[in-house]
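One file, structure.cif, carrying mmCIF, C-alpha atoms and all ligand atoms:
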```
data_run
#
loop_
_atom_site.label_atom_id
_atom_site.label_comp_id
_atom_site.auth_asym_id
_atom_site.auth_seq_id
_atom_site.Cartn_x
_atom_site.Cartn_y
_atom_site.Cartn_z
CA MET B 1 124.26 -41.00 85.71
CA PRO B 2 126.54 -38.46 87.46
CA ARG B 3 126.81 -35.23 85.54
CA PRO B 4 130.49 -34.57 84.79
CA ARG B 5 131.34 -31.02 85.58
CA PRO B 6 132.63 -28.51 84.91
CA ALA B 7 133.18 -28.10 81.19
CA LEU B 8 136.18 -26.14 80.10
CA ALA B 9 136.04 -23.52 77.44
CA ALA B 10 139.70 -23.50 76.55
CA ALA B 11 138.99 -23.51 72.84
CA LEU B 12 136.80 -20.43 73.13
CA LEU B 13 139.53 -18.65 75.01
CA LEU B 14 142.10 -19.43 72.40
CA ALA B 15 139.66 -17.80 70.03
CA LEU B 16 139.62 -14.82 72.37
CA CYS B 17 143.40 -14.48 72.12
CA GLY B 18 142.94 -14.55 68.37
CA ALA B 19 140.31 -11.85 68.72
CA ALA B 20 142.71 -9.66 70.73
CA ALA B 21 145.35 -10.02 68.02
CA ALA B 22 142.75 -9.26 65.36
CA ALA B 23 141.64 -6.18 67.30
CA ASP B 24 145.22 -4.88 67.28
CA ALA B 25 145.45 -5.49 63.54
CA ALA B 26 142.06 -3.84 63.02
CA ALA B 27 143.25 -0.69 64.80
CA ASP B 28 145.56 -0.04 61.83
CA MET B 29 142.80 -0.43 59.22
CA SER B 30 140.71 2.31 57.66
CA ASP B 31 136.98 2.34 58.39
CA ALA B 32 136.16 1.27 54.82
CA ALA B 33 138.61 -1.64 55.02
CA LYS B 34 137.13 -2.68 58.38
CA GLU B 35 133.64 -2.61 56.92
CA ARG B 36 134.75 -4.73 53.93
CA SER B 37 136.40 -7.27 56.21
CA ARG B 38 133.29 -7.44 58.44
CA ALA B 39 131.07 -7.96 55.40
CA ALA B 40 133.36 -10.75 54.11
CA ALA B 41 133.35 -12.46 57.54
CA SER B 42 129.59 -12.18 57.79
CA GLU B 43 129.19 -13.72 54.32
CA GLN B 44 131.43 -16.68 55.25
CA TRP B 45 129.56 -17.24 58.53
CA HIS B 46 126.24 -17.07 56.76
CA GLY B 47 127.15 -20.01 54.49
CA ARG B 48 128.47 -22.12 57.35
CA LEU B 49 125.63 -21.45 59.76
CA HIS B 50 123.10 -22.09 57.03
CA ARG B 51 124.53 -25.58 56.47
CA LEU B 52 124.65 -26.20 60.23
CA ALA B 53 121.04 -25.08 60.70
CA ALA B 54 119.89 -27.67 58.16
CA LEU B 55 121.31 -30.58 60.21
CA ARG B 56 119.10 -32.68 62.47
CA VAL B 57 119.82 -34.10 65.94
CA ASP B 58 117.39 -36.88 66.82
CA ASP B 59 114.01 -35.43 65.84
CA PHE B 60 115.01 -31.78 66.02
CA SER B 61 116.61 -29.47 63.51
CA VAL B 62 119.65 -27.56 64.69
CA ALA B 63 117.86 -24.36 63.60
CA ASP B 64 115.07 -25.07 66.12
CA LEU B 65 117.45 -26.07 68.88
CA LEU B 66 120.00 -23.30 68.53
CA GLY B 67 118.06 -20.54 66.74
CA PRO B 68 119.25 -17.53 68.79
CA VAL B 69 122.80 -18.88 68.93
CA LEU B 70 122.97 -19.19 65.16
CA ARG B 71 121.90 -15.55 64.78
CA HIS B 72 125.03 -14.34 66.57
CA ARG B 73 126.98 -11.69 64.63
CA TYR B 74 130.60 -12.82 64.57
CA GLU B 75 133.38 -10.25 64.32
CA LEU B 76 136.09 -12.70 63.26
CA PRO B 77 136.02 -14.64 59.99
CA PRO B 78 135.53 -18.41 60.45
CA THR B 79 138.99 -19.17 59.06
CA GLN B 80 140.58 -17.11 61.83
CA VAL B 81 138.47 -18.78 64.52
CA LYS B 82 139.43 -22.18 63.13
CA LYS B 83 143.14 -21.33 63.32
CA SER B 84 142.76 -20.57 67.02
CA LEU B 85 141.31 -24.00 67.85
CA VAL B 86 143.96 -26.49 68.86
CA TYR B 87 141.99 -29.33 70.40
CA LEU B 88 138.25 -29.74 70.82
CA GLY B 89 138.19 -33.12 72.52
CA ALA B 90 135.07 -35.24 72.73
CA ASN B 91 133.07 -32.28 74.07
CA GLN B 92 130.97 -34.60 76.23
CA ARG B 93 130.86 -32.12 79.10
CA LEU B 94 130.10 -29.15 76.87
CA ARG B 95 127.30 -31.11 75.24
CA ARG B 96 125.80 -31.72 78.70
CA VAL B 97 125.94 -27.98 79.43
CA VAL B 98 124.28 -27.08 76.11
CA HIS B 99 121.63 -29.73 76.77
CA ASP B 100 120.88 -28.24 80.20
CA LEU B 101 120.72 -24.74 78.71
CA LEU B 102 118.28 -25.93 76.06
CA VAL B 103 115.95 -27.76 78.44
CA GLY B 104 115.98 -24.88 80.92
CA ARG B 105 118.04 -26.24 83.80
CA PRO B 106 119.95 -23.58 85.78
CA ILE B 107 123.60 -23.21 84.80
CA SER B 108 126.47 -21.56 86.64
CA ILE B 109 129.38 -20.18 84.67
CA GLY B 110 132.65 -18.65 85.76
CA ALA B 111 135.92 -17.27 84.51
CA ILE B 112 139.47 -17.25 85.82
CA GLY B 113 142.46 -15.56 84.31
CA GLY B 114 144.34 -12.28 84.35
CA SER B 115 143.49 -8.65 83.67
CA ILE B 116 142.10 -9.40 80.19
CA THR B 117 139.36 -11.42 81.86
CA HIS B 118 139.04 -9.14 84.87
CA GLY B 119 138.04 -6.39 82.45
CA ALA B 120 141.18 -4.36 81.69
CA LYS B 121 140.42 -1.62 79.13
CA ALA B 122 136.71 -2.44 79.07
CA SER B 123 134.62 0.75 79.10
CA LYS B 124 132.71 -0.59 82.12
CA ILE B 125 133.94 -3.52 84.18
CA GLY B 126 131.04 -5.80 85.01
CA GLU B 127 129.15 -4.73 81.86
CA THR B 128 131.36 -4.49 78.80
CA ASP B 129 134.26 -6.78 79.68
CA TRP B 130 134.26 -9.95 77.58
CA PHE B 131 132.96 -12.24 80.33
CA SER B 132 129.97 -9.95 81.01
CA LEU B 133 129.25 -9.86 77.27
CA VAL B 134 129.45 -13.68 77.04
CA THR B 135 127.15 -13.96 80.07
CA ARG B 136 124.62 -11.60 78.51
CA TYR B 137 124.85 -13.48 75.23
CA MET B 138 124.18 -16.81 76.96
CA ARG B 139 121.18 -15.39 78.81
CA ASP B 140 119.78 -14.03 75.53
CA ALA B 141 120.51 -17.23 73.62
CA PHE B 142 119.03 -19.57 76.25
CA PRO B 143 116.14 -17.67 77.83
CA ARG B 144 114.68 -20.82 79.43
CA SER B 145 117.75 -21.38 81.57
CA ASN B 146 118.86 -19.34 84.59
CA VAL B 147 122.52 -18.48 83.99
CA THR B 148 124.40 -17.34 87.09
CA ALA B 149 127.89 -15.97 86.54
CA ARG B 150 130.94 -15.23 88.62
CA ASN B 151 134.14 -13.61 87.40
CA GLY B 152 137.05 -14.91 89.51
CA ALA B 153 139.88 -13.42 87.44
CA LEU B 154 142.76 -11.71 89.20
CA PRO B 155 144.75 -9.05 87.32
CA ALA B 156 148.50 -9.58 86.95
CA THR B 157 148.52 -13.19 88.16
CA PRO B 158 149.69 -16.36 86.38
CA SER B 159 147.92 -19.72 86.47
CA ALA B 160 150.32 -20.87 89.23
CA LEU B 161 148.53 -18.60 91.71
CA MET B 162 145.05 -19.81 90.75
CA ASN B 163 146.36 -23.35 91.06
CA MET B 164 146.78 -22.75 94.80
CA CYS B 165 143.50 -20.97 95.53
CA LEU B 166 141.06 -22.24 92.91
CA GLU B 167 138.36 -23.01 95.48
CA THR B 168 138.32 -19.36 96.58
CA TYR B 169 137.59 -17.98 93.12
CA VAL B 170 135.48 -20.72 91.54
CA ASP B 171 132.18 -21.91 93.03
CA SER B 172 131.88 -25.63 93.64
CA GLY B 173 129.48 -27.33 91.26
CA ILE B 174 130.17 -24.85 88.46
CA ASP B 175 129.02 -26.03 85.03
CA LEU B 176 131.20 -24.06 82.62
CA LEU B 177 134.50 -22.41 83.40
CA PHE B 178 136.44 -20.12 81.06
CA VAL B 179 140.18 -20.22 81.66
CA GLU B 180 142.33 -17.43 80.23
CA TYR B 181 146.04 -17.16 80.84
CA CYS B 182 147.01 -16.01 77.33
CA ALA B 183 149.20 -13.16 78.52
CA ASN B 184 150.00 -13.86 82.15
CA ASP B 185 151.63 -17.25 81.74
CA GLY B 186 154.08 -15.56 79.37
CA SER B 187 154.92 -16.34 75.79
CA ASP B 188 158.36 -17.94 76.22
CA PRO B 189 158.19 -21.11 74.08
CA HIS B 190 161.18 -22.58 75.97
CA ASP B 191 159.60 -22.31 79.42
CA ARG B 192 159.16 -25.89 80.66
CA VAL B 193 157.60 -25.20 84.04
CA LYS B 194 154.62 -22.95 83.25
CA PRO B 195 152.94 -25.39 80.85
CA LYS B 196 153.12 -28.08 83.55
CA VAL B 197 151.63 -25.79 86.19
CA TYR B 198 148.88 -24.81 83.76
CA GLU B 199 148.15 -28.46 83.00
CA ARG B 200 147.90 -29.17 86.73
CA LEU B 201 145.34 -26.36 87.04
CA LEU B 202 143.27 -27.76 84.16
CA ARG B 203 143.36 -31.26 85.67
CA LYS B 204 142.26 -29.89 89.03
CA ILE B 205 139.33 -28.07 87.39
CA LEU B 206 138.24 -31.17 85.51
CA GLN B 207 138.22 -33.46 88.56
C1 LIG Q 301 118.47 -18.07 89.39
O1 LIG Q 301 119.43 -18.77 90.16
C2 LIG Q 301 119.85 -18.03 91.31
C3 LIG Q 301 120.98 -18.81 91.97
O2 LIG Q 301 120.64 -20.15 92.18
C4 LIG Q 301 118.67 -17.79 92.22
O3 LIG Q 301 119.07 -17.03 93.35
C5 LIG Q 301 117.58 -17.04 91.45
O4 LIG Q 301 116.44 -16.90 92.26
C6 LIG Q 301 117.22 -17.78 90.18
N1 LIG Q 301 116.30 -16.98 89.37
C7 LIG Q 301 115.21 -17.49 88.82
C8 LIG Q 301 114.40 -16.52 87.99
O5 LIG Q 301 114.89 -18.65 88.94
#
```
Rewrite the structure of this file - the entire thing - as structure tokens.
Amino acid sequence: MPRPRPALAAALLLALCGAAAAADAAADMSDAAKERSRAAASEQWHGRLHRLAALRVDDFSVADLLGPVLRHRYELPPTQVKKSLVYLGANQRLRRVVHDLLVGRPISIGAIGGSITHGAKASKIGETDWFSLVTRYMRDAFPRSNVTARNGALPATPSALMNMCLETYVDSGIDLLFVEYCANDGSDPHDRVKPKVYERLLRKILQ
């Protein structure tokens, strides 16, 4: 059966926009308040992940399959992450990627977007920008797989530009692509053109 590729991680990126907003809000909080909110989030995640770990898929428990993933320390409370998810789809492609990661097949991941993804304000681009952190996390969580990563984001560009030169910034045969145009496609709710251009880009990626 042909392996459909690549998978899109739009939902995760919406979560990222939520995280950016939460980071702004957090900047106004006292250290004690931040600690309390982290502890509350961690408590909520603990309950959810515990229930998830008890589930079984075929003959395996989710805890065995996704052990290191389930030990991730989330910064955002689950309710906030849930609010950022608009559409999850059937997830068939993402399931294929997770399967390959679990069985130890090599996986290539990439990112496109604007300066947020390129690494603006990260203490060290290529190490502490979000895509590098996600890459490191995936390598830690799936040690059997060989995760190769390429960041194709271009600062100060909208999705319309990537639409024209996608092949230059994304390797062919990529398995998982993160797409982030939270800021650079603008936030005008009445703009009728940009959403269409963005949809065209997503369709091109999914072909
Ligand atoms: C991982 O994949 C890359 C790209 O295909 C390859 O160059 C590298 O040798 C691989 N590493 C291991 C440990 O297999």
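Here CA of Gly89 (chain B) and CA of Asp175 (chain B) stand 17.1 Å from one another.
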Could you list, as a PDB file with C-alpha atoms, keeping the file's coordinate frame, every residue within 12 Å of Glu199 (chain B), counting all atoms listed in the file and ignoring same-chain residues fewer than 4 positions away?
```pdb
ATOM      1  CA  ALA B  10     139.700 -23.500  76.550  1.00  0.00           C
ATOM      2  CA  SER B 159     147.920 -19.720  86.470  1.00  0.00           C
ATOM      3  CA  ALA B 160     150.320 -20.870  89.230  1.00  0.00           C
ATOM      4  CA  ASN B 163     146.360 -23.350  91.060  1.00  0.00           C
ATOM      5  CA  VAL B 179     140.180 -20.220  81.660  1.00  0.00           C
ATOM      6  CA  TYR B 181     146.040 -17.160  80.840  1.00  0.00           C
ATOM      7  CA  ASP B 185     151.630 -17.250  81.740  1.00  0.00           C
ATOM      8  CA  ARG B 192     159.160 -25.890  80.660  1.00  0.00           C
ATOM      9  CA  VAL B 193     157.600 -25.200  84.040  1.00  0.00           C
ATOM     10  CA  LYS B 194     154.620 -22.950  83.250  1.00  0.00           C
ATOM     11  CA  PRO B 195     152.940 -25.390  80.850  1.00  0.00           C
ATOM     12  CA  ARG B 203     143.360 -31.260  85.670  1.00  0.00           C
ATOM     13  CA  LYS B 204     142.260 -29.890  89.030  1.00  0.00           C
ATOM     14  CA  ILE B 205     139.330 -28.070  87.390  1.00  0.00           C
ATOM     15  CA  LEU B 206     138.240 -31.170  85.510  1.00  0.00           C
TER      16      LEU B 206
END
```
Separation of atom O1 of ligand LIG 301 (chain Q) and CA of Pro6 (chain B), in Å?
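Rounded to one decimal, the two atoms are 17.2 Å apart.
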Please identify every residue of chain B that has at least one atom no farther than 7 Å from an atom of ligand LIG 301 (chain Q), counting all atoms listed in the file, and for each give the shortest atom pair and the distance in Å to one decimal, arranged by chain then increasing number, as a Markdown table.
```
| residue | atom | partner | partner_atom | distance |
| --- | --- | --- | --- | --- |
| B:Pro106 | CA | Q:LIG301 | O1 | 6.5 |
| B:Asn146 | CA | Q:LIG301 | C1 | 5.0 |
| B:Val147 | CA | Q:LIG301 | C1 | 6.8 |
| B:Thr148 | CA | Q:LIG301 | O1 | 6.0 |
```
For C-alpha atoms, I'd like the residues from the last selection saved as a CSV table (one decimal), in the coordinates of the input.
```csv
chain,number,residue,atom,x,y,z
B,106,PRO,CA,120.0,-23.6,85.8
B,146,ASN,CA,118.9,-19.3,84.6
B,147,VAL,CA,122.5,-18.5,84.0
B,148,THR,CA,124.4,-17.3,87.1
```
Quick one: distance from CA of Gly110 (chain B) to CA of Leu85 (chain B) in Å, one decimal?
20.6 Å
Counting all atoms listed in the file, which residues have an atom no more than 12 Å from (119.0, -21.5, 63.7) in the file's coordinates? Please list them as a list in words.
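Within 12 Å of (119.0, -21.5, 63.7), the protein and nucleic acid residues are His46, Arg48, Leu49, His50, Arg51, Leu52, Ala53, Ala54, Leu55, Arg56, Phe60, Ser61, Val62, Ala63, Asp64, Leu65, Leu66, Gly67, Pro68, Val69, Leu70, Arg71, His72 and Ala141 of chain B.
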Restricting the output to C-alpha atoms, write the selected residues as a tab-separated table (two decimals), keeping the file's coordinate frame.
```tsv
chain	number	residue	atom	x	y	z
B	46	HIS	CA	126.24	-17.07	56.76
B	48	ARG	CA	128.47	-22.12	57.35
B	49	LEU	CA	125.63	-21.45	59.76
B	50	HIS	CA	123.10	-22.09	57.03
B	51	ARG	CA	124.53	-25.58	56.47
B	52	LEU	CA	124.65	-26.20	60.23
B	53	ALA	CA	121.04	-25.08	60.70
B	54	ALA	CA	119.89	-27.67	58.16
B	55	LEU	CA	121.31	-30.58	60.21
B	56	ARG	CA	119.10	-32.68	62.47
B	60	PHE	CA	115.01	-31.78	66.02
B	61	SER	CA	116.61	-29.47	63.51
B	62	VAL	CA	119.65	-27.56	64.69
B	63	ALA	CA	117.86	-24.36	63.60
B	64	ASP	CA	115.07	-25.07	66.12
B	65	LEU	CA	117.45	-26.07	68.88
B	66	LEU	CA	120.00	-23.30	68.53
B	67	GLY	CA	118.06	-20.54	66.74
B	68	PRO	CA	119.25	-17.53	68.79
B	69	VAL	CA	122.80	-18.88	68.93
B	70	LEU	CA	122.97	-19.19	65.16
B	71	ARG	CA	121.90	-15.55	64.78
B	72	HIS	CA	125.03	-14.34	66.57
B	141	ALA	CA	120.51	-17.23	73.62
```
Nearest-residue call for Tyr198 (chain B), choices B:Asp59, B:Gly186, B:Leu177, B:Ser30, using all atoms listed in the file
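Of B:Asp59, B:Gly186, B:Leu177, B:Ser30, the one nearest Tyr198 (chain B), counting all atoms listed in the file, is B:Gly186.
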For Gly173 (chain B), which of B:Ala39, B:Ile125, B:Leu102, B:Ile107 is the closest residue, counting only C-alpha atoms?
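Closest candidate: B:Ile107.
The point (141.9, -5.4, 83.5) has these residues within 12 Å of it, counting only C-alpha atoms: Gly113, Gly114, Ser115, Ile116, Thr117, His118, Gly119, Ala120, Lys121, Ala122, Ser123, Lys124, Ile125, Gly126, Thr128, Asp129, Trp130, Phe131, Asn151, Ala153, Leu154, Pro155, Ala156, Thr157, Ala183 and Asn184 of chain B.
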Go through B:Ser132, B:Ser172, B:Gln44, B:Gln92 one by one, measure the shortest atom-to-atom distance of each to Gln207 (chain B) using only C-alpha atoms, and give the residue with the smallest value.
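The answer is B:Ser172, which sits nearest to Gln207 (chain B).
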